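With compact mmCIF, C-alpha atoms inside, this is run.txt:
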```
# COMPACT_ATOMS: atom_id res chain seq x y z
CA GLY A 1 0.00 0.00 0.00
CA ALA A 2 0.88 3.66 -0.15
CA VAL A 3 3.52 4.84 2.29
CA VAL A 4 4.32 8.19 3.80
CA SER A 5 7.74 8.52 5.37
CA GLN A 6 8.92 11.14 7.82
CA HIS A 7 12.49 12.01 8.56
CA PRO A 8 13.93 12.22 11.09
CA SER A 9 11.96 9.97 13.40
CA TRP A 10 13.36 11.83 16.35
CA VAL A 11 15.57 14.84 16.79
CA ILE A 12 17.05 16.75 19.67
CA CYS A 13 18.07 20.34 19.09
CA LYS A 14 19.29 23.25 21.14
CA SER A 15 17.02 26.12 22.01
CA GLY A 16 17.28 28.86 19.43
CA THR A 17 18.22 26.64 16.52
CA SER A 18 16.04 25.55 13.62
CA VAL A 19 15.11 22.02 12.70
CA LYS A 20 13.60 20.62 9.53
CA ILE A 21 11.28 17.63 9.29
CA GLU A 22 10.60 15.99 5.95
CA CYS A 23 7.44 14.24 4.82
CA ARG A 24 7.61 12.12 1.69
CA SER A 25 5.00 10.17 -0.17
CA LEU A 26 7.00 7.20 -1.40
CA ASP A 27 4.86 5.70 -4.12
CA PHE A 28 2.18 8.22 -4.92
CA GLN A 29 1.80 11.87 -5.72
CA ALA A 30 0.32 14.20 -3.18
CA THR A 31 -0.62 17.75 -4.09
CA THR A 32 -1.90 18.20 -0.57
CA MET A 33 -0.22 17.25 2.66
CA PHE A 34 -1.10 18.09 6.23
CA TRP A 35 0.96 18.75 9.32
CA TYR A 36 -0.27 17.87 12.78
CA ARG A 37 1.08 18.24 16.26
CA GLN A 38 0.31 15.81 19.04
CA PHE A 39 1.02 16.37 22.69
CA PRO A 40 1.32 13.37 25.00
CA LYS A 41 -1.99 11.62 25.53
CA GLN A 42 -3.79 14.22 23.46
CA SER A 43 -5.31 14.27 20.03
CA LEU A 44 -3.81 15.43 16.78
CA MET A 45 -4.01 19.16 16.29
CA LEU A 46 -3.94 20.32 12.69
CA MET A 47 -1.28 22.94 12.15
CA ALA A 48 -1.42 23.61 8.44
CA THR A 49 -2.37 22.37 5.00
CA SER A 50 0.61 22.14 2.68
CA ASN A 51 -0.09 22.74 -1.00
CA GLU A 52 2.38 21.85 -3.73
CA GLY A 53 3.60 24.92 -5.52
CA SER A 54 1.79 27.41 -3.32
CA LYS A 55 1.75 28.78 0.18
CA ALA A 56 0.60 26.67 3.06
CA THR A 57 -2.67 27.40 4.78
CA TYR A 58 -2.20 27.71 8.51
CA GLU A 59 -4.76 27.04 11.19
CA GLN A 60 -5.74 29.77 13.58
CA GLY A 61 -3.18 30.27 16.28
CA VAL A 62 -0.30 28.65 14.40
CA GLU A 63 2.58 31.04 13.76
CA LYS A 64 3.54 31.06 10.09
CA ASP A 65 6.99 32.45 10.75
CA LYS A 66 7.62 29.90 13.43
CA PHE A 67 6.57 26.84 11.48
CA LEU A 68 7.74 27.22 7.90
CA ILE A 69 6.22 24.83 5.43
CA ASN A 70 7.55 24.17 1.96
CA HIS A 71 5.94 21.81 -0.55
CA ALA A 72 8.24 22.02 -3.53
CA SER A 73 7.33 18.77 -5.21
CA LEU A 74 4.44 16.36 -5.44
CA THR A 75 6.15 13.96 -3.08
CA LEU A 76 7.82 16.15 -0.49
CA SER A 77 6.71 18.63 2.14
CA THR A 78 8.98 20.02 4.81
CA LEU A 79 8.23 21.61 8.16
CA THR A 80 10.92 23.83 9.63
CA VAL A 81 10.60 24.83 13.26
CA THR A 82 12.53 28.07 13.49
CA SER A 83 14.22 29.37 16.60
CA ALA A 84 12.97 26.37 18.50
CA HIS A 85 12.11 26.60 22.18
CA PRO A 86 11.39 23.87 24.71
CA GLU A 87 7.65 24.44 24.36
CA ASP A 88 7.95 23.40 20.71
CA SER A 89 8.90 19.92 21.86
CA SER A 90 6.22 17.63 20.57
CA PHE A 91 5.31 14.81 18.22
CA TYR A 92 4.81 16.08 14.69
CA ILE A 93 2.85 14.00 12.21
CA CYS A 94 2.30 14.54 8.54
CA SER A 95 -0.29 13.05 6.25
CA ALA A 96 -0.64 13.04 2.49
CA ARG A 97 -3.70 12.87 0.32
CA GLU A 98 -3.30 10.59 -2.65
CA ASP A 99 -4.08 12.56 -5.79
CA ARG A 100 -5.54 9.60 -7.61
CA GLY A 101 -8.20 7.16 -6.54
CA ARG A 102 -10.33 7.59 -3.44
CA ASN A 103 -8.55 10.61 -1.95
CA THR A 104 -7.26 8.37 0.79
CA ILE A 105 -5.17 10.04 3.48
CA TYR A 106 -2.00 8.26 4.53
CA PHE A 107 -0.08 9.15 7.67
CA GLY A 108 3.60 9.28 8.35
CA GLU A 109 5.10 7.58 11.37
CA GLY A 110 5.66 10.88 13.13
CA SER A 111 8.71 12.78 14.30
CA TRP A 112 9.64 13.43 17.91
CA LEU A 113 11.18 16.83 18.49
CA THR A 114 12.88 17.62 21.77
CA VAL A 115 14.26 21.10 22.28
CA VAL A 116 16.76 21.41 25.09
CA ALA B 1 -18.26 25.23 15.22
CA GLN B 2 -16.56 22.17 13.82
CA ARG B 3 -15.86 19.66 16.49
CA VAL B 4 -15.42 15.95 17.08
CA THR B 5 -16.06 14.58 20.53
CA GLN B 6 -15.02 11.20 21.85
CA PRO B 7 -16.26 11.12 25.43
CA GLU B 8 -14.36 8.06 26.58
CA LYS B 9 -10.60 8.19 27.06
CA LEU B 10 -10.40 4.52 27.90
CA LEU B 11 -12.69 1.61 27.19
CA SER B 12 -11.82 -1.73 28.73
CA VAL B 13 -13.68 -4.89 27.77
CA PHE B 14 -13.11 -8.62 27.91
CA LYS B 15 -12.39 -10.66 24.83
CA GLY B 16 -15.61 -11.65 23.09
CA ALA B 17 -17.61 -8.78 24.54
CA PRO B 18 -19.30 -6.20 22.32
CA VAL B 19 -17.60 -2.87 21.85
CA GLU B 20 -18.97 0.56 21.08
CA LEU B 21 -16.68 3.55 20.81
CA LYS B 22 -18.63 6.77 20.80
CA CYS B 23 -18.12 9.70 18.47
CA ASN B 24 -20.24 12.81 18.15
CA TYR B 25 -19.65 15.65 15.76
CA SER B 26 -20.64 19.23 15.18
CA TYR B 27 -20.63 20.42 11.58
CA SER B 28 -22.86 22.73 9.61
CA GLY B 29 -22.43 21.04 6.25
CA SER B 30 -22.86 17.49 5.03
CA PRO B 31 -20.47 15.48 7.19
CA GLU B 32 -17.97 12.94 6.00
CA LEU B 33 -16.57 10.91 8.88
CA PHE B 34 -13.79 8.44 9.39
CA TRP B 35 -12.38 6.14 12.02
CA TYR B 36 -8.61 5.85 12.30
CA VAL B 37 -6.75 3.33 14.42
CA GLN B 38 -3.27 3.50 15.89
CA TYR B 39 -1.79 0.25 17.15
CA SER B 40 1.07 0.35 19.59
CA ARG B 41 4.19 1.87 18.06
CA GLN B 42 2.57 2.15 14.65
CA ARG B 43 1.28 5.02 12.57
CA LEU B 44 -2.31 6.09 12.20
CA GLN B 45 -4.20 4.10 9.61
CA LEU B 46 -7.66 4.36 8.18
CA LEU B 47 -10.09 1.86 9.61
CA LEU B 48 -13.23 2.86 7.79
CA ARG B 49 -15.13 5.76 6.29
CA HIS B 50 -18.86 6.25 6.48
CA ILE B 51 -19.43 6.78 2.77
CA SER B 52 -18.10 3.30 2.03
CA ARG B 53 -20.48 1.62 4.44
CA GLU B 54 -17.92 -1.12 4.82
CA SER B 55 -16.95 -3.46 7.61
CA ILE B 56 -13.27 -3.71 8.37
CA LYS B 57 -11.90 -6.25 10.86
CA GLY B 58 -15.45 -6.76 12.05
CA PHE B 59 -15.95 -3.07 12.87
CA THR B 60 -18.86 -1.06 11.55
CA ALA B 61 -19.97 2.50 12.02
CA ASP B 62 -23.22 4.15 11.00
CA LEU B 63 -23.67 7.84 10.53
CA ASN B 64 -26.69 9.10 12.46
CA LYS B 65 -27.34 12.65 11.38
CA GLY B 66 -30.20 13.09 13.82
CA GLU B 67 -27.96 12.33 16.76
CA THR B 68 -24.83 13.71 15.02
CA SER B 69 -23.05 10.50 15.89
CA PHE B 70 -20.74 8.04 14.20
CA HIS B 71 -20.18 5.34 16.81
CA LEU B 72 -17.81 2.47 16.07
CA LYS B 73 -19.07 -0.99 16.90
CA LYS B 74 -17.85 -4.55 16.96
CA PRO B 75 -19.94 -7.45 18.24
CA PHE B 76 -17.07 -9.55 19.60
CA ALA B 77 -13.86 -7.80 20.60
CA GLN B 78 -10.50 -9.49 20.09
CA GLU B 79 -7.27 -8.87 21.97
CA GLU B 80 -5.63 -7.61 18.80
CA ASP B 81 -8.22 -4.84 18.65
CA SER B 82 -6.47 -3.12 21.55
CA ALA B 83 -5.36 0.23 20.16
CA MET B 84 -6.06 3.93 20.09
CA TYR B 85 -9.08 4.86 18.00
CA TYR B 86 -9.69 8.32 16.58
CA CYS B 87 -12.84 9.63 15.00
CA ALA B 88 -12.23 12.26 12.33
CA LEU B 89 -14.35 14.72 10.39
CA LYS B 90 -13.54 16.03 6.92
CA VAL B 91 -14.09 19.78 6.95
CA ASP B 92 -13.28 20.90 3.44
CA SER B 93 -12.66 19.68 -0.09
CA SER B 94 -8.92 19.37 0.49
CA TYR B 95 -9.70 16.53 2.90
CA LYS B 96 -8.58 18.49 5.90
CA LEU B 97 -9.49 16.38 8.92
CA ILE B 98 -10.14 17.33 12.48
CA PHE B 99 -9.79 14.61 15.07
CA GLY B 100 -11.47 13.69 18.29
CA SER B 101 -9.37 13.22 21.39
CA GLY B 102 -9.23 9.48 20.88
CA THR B 103 -10.35 6.45 22.84
CA ARG B 104 -7.98 3.78 24.01
CA LEU B 105 -9.55 0.36 23.66
CA LEU B 106 -8.15 -2.34 25.88
CA VAL B 107 -9.37 -5.85 25.26
CA ARG B 108 -8.53 -8.15 28.15
CA PRO B 109 -8.10 -11.90 27.72
```
Could you express the structure from this file as structure tokens?
Amino acid sequence: GAVVSQHPSWVICKSGTSVKIECRSLDFQATTMFWYRQFPKQSLMLMATSNEGSKATYEQGVEKDKFLINHASLTLSTLTVTSAHPEDSSFYICSAREDRGRNTIYFGEGSWLTVV
Amino acid sequence: AQRVTQPEKLLSVFKGAPVELKCNYSYSGSPELFWYVQYSRQRLQLLLRHISRESIKGFTADLNKGETSFHLKKPFAQEEDSAMYYCALKVDSSYKLIFGSGTRLLVRP
């Protein structure tokens, strides 16, 4: 079946630095991808909709300059957490909507970010 | 307001018992709802969607617009059903989903 891969699976970075997380659709094209954030024992909170070739659409309360999203190809979206702080530590999950077929959404395995 | 509510954080049943995981939604348009499952240490995966009216792994879910519910049911729970279950609502044509808080199902032997 279709696979969405995230990299890295986990990352530790120093406060004030930036970190990039990649989301790839391995065997299908995805014009639209989504980025979520999940705190421990809580649900997924949608951060933004990533659109290939255009600007991302951010949810209310999500800082655009803090969480930079780039969707330069039909198989890759990246989330860059800029000037990371400890409160940005979280589990980040991406999903991708398959362009063909039933519009099925496939999820990545998630990326753990710890800011120290 | 668009919202998905899963009132139970944890549901514990014995193997062979019936299971019902509750999901209620709030949405002004025509809803399209999904159930996703997350097994231990695995990624989220689609379990079923209401428009397909399918049964996956013995689970079914019926959309009740009058009660704004989309409860997930299985007549006889199995131990391998133990997982985190999320109800999700599609809120626009891009297939943006909003999720409920999730229910952990624990099926005891």
* Residue hits in chain A, query chain B, radius 9 Å, only C-alpha atoms, as number ranges by chain -> A: 32, 34, 41-46, 49, 97, 103-110
* To do: Take the point (-18.6, 17.3, 14.9) as written in the file and pick out every residue within 6 Å of it, counting all atoms listed in the file; give the list as a list in words.
  => Gln2, Arg3, Val4, Asn24, Tyr25, Ser26 and Tyr27 of chain B
* Give the answer as one residue: which of A:Asn51, A:Ser90, A:Thr80, A:Gln38 has the shortest atom-to-atom distance to Leu68 in chain A, using all atoms listed in the file? => A:Thr80
* Asked: What is the CA of Val62 in chain A-CA of Leu47 in chain B distance in Å, reported with one decimal?
  ->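 It comes out at 28.9 Å.
You can rank A:Ser15, A:Glu98, A:Ser89, A:Thr82 by their closest distance to Phe28 in chain A using only C-alpha atoms, and at the top of that list sits A:Glu98.
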* **Nearest candidate to Asp88 in chain A (options A:Gln6, A:Gln60, A:Ser54, A:Ser18; using all atoms listed in the file)** => A:Ser18
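What separates CA of Trp112 in chain A from CA of Ser83 in chain A is a distance of 16.6 Å.
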* Please measure the separation of CA of Ile12 in chain A and CA of Tyr58 in chain A, giving the value in Å to one decimal. => 24.8 Å
* Asked: So which residues are close to (-6.0, -11.3, 21.2), meaning at most 10 Å away in the file's coordinates with all atoms listed in the file counted, and can you show them as a PyMOL selection string?
  -> chain B and resi 15-16+77-82+107-109
* To do: Excluding Leu21 in chain B and residues on its chain fewer than 6 positions from it, collect all residues at most 9 Å away from it, counting only C-alpha atoms, and give them as a PyMOL selection string.
  => chain B and resi 6-8+11+70-73+85+103+105
* For Trp10 in chain A, work out the shell of residues within 10 Å, counting all atoms listed in the file and skipping chain neighbours fewer than 5 positions away, then give it as a PyMOL selection string. => chain A and resi 21+91-92+110-114
Box for range 60-70 of chain A - axis-aligned, 8 Å on each of the six sides, all listed atoms - centre and size in Å to one decimal, as lines of an AutoDock Vina configuration file.
```
center_x = 1.0
center_y = 28.3
center_z = 9.1
size_x = 29.5
size_y = 24.3
size_z = 30.3
```
* Asked: Hey, which of B:Leu89, B:Leu63, B:Ile56, B:Leu106 ends up closest to Ser28 in chain B? Count all atoms listed in the file.
  -> B:Leu89
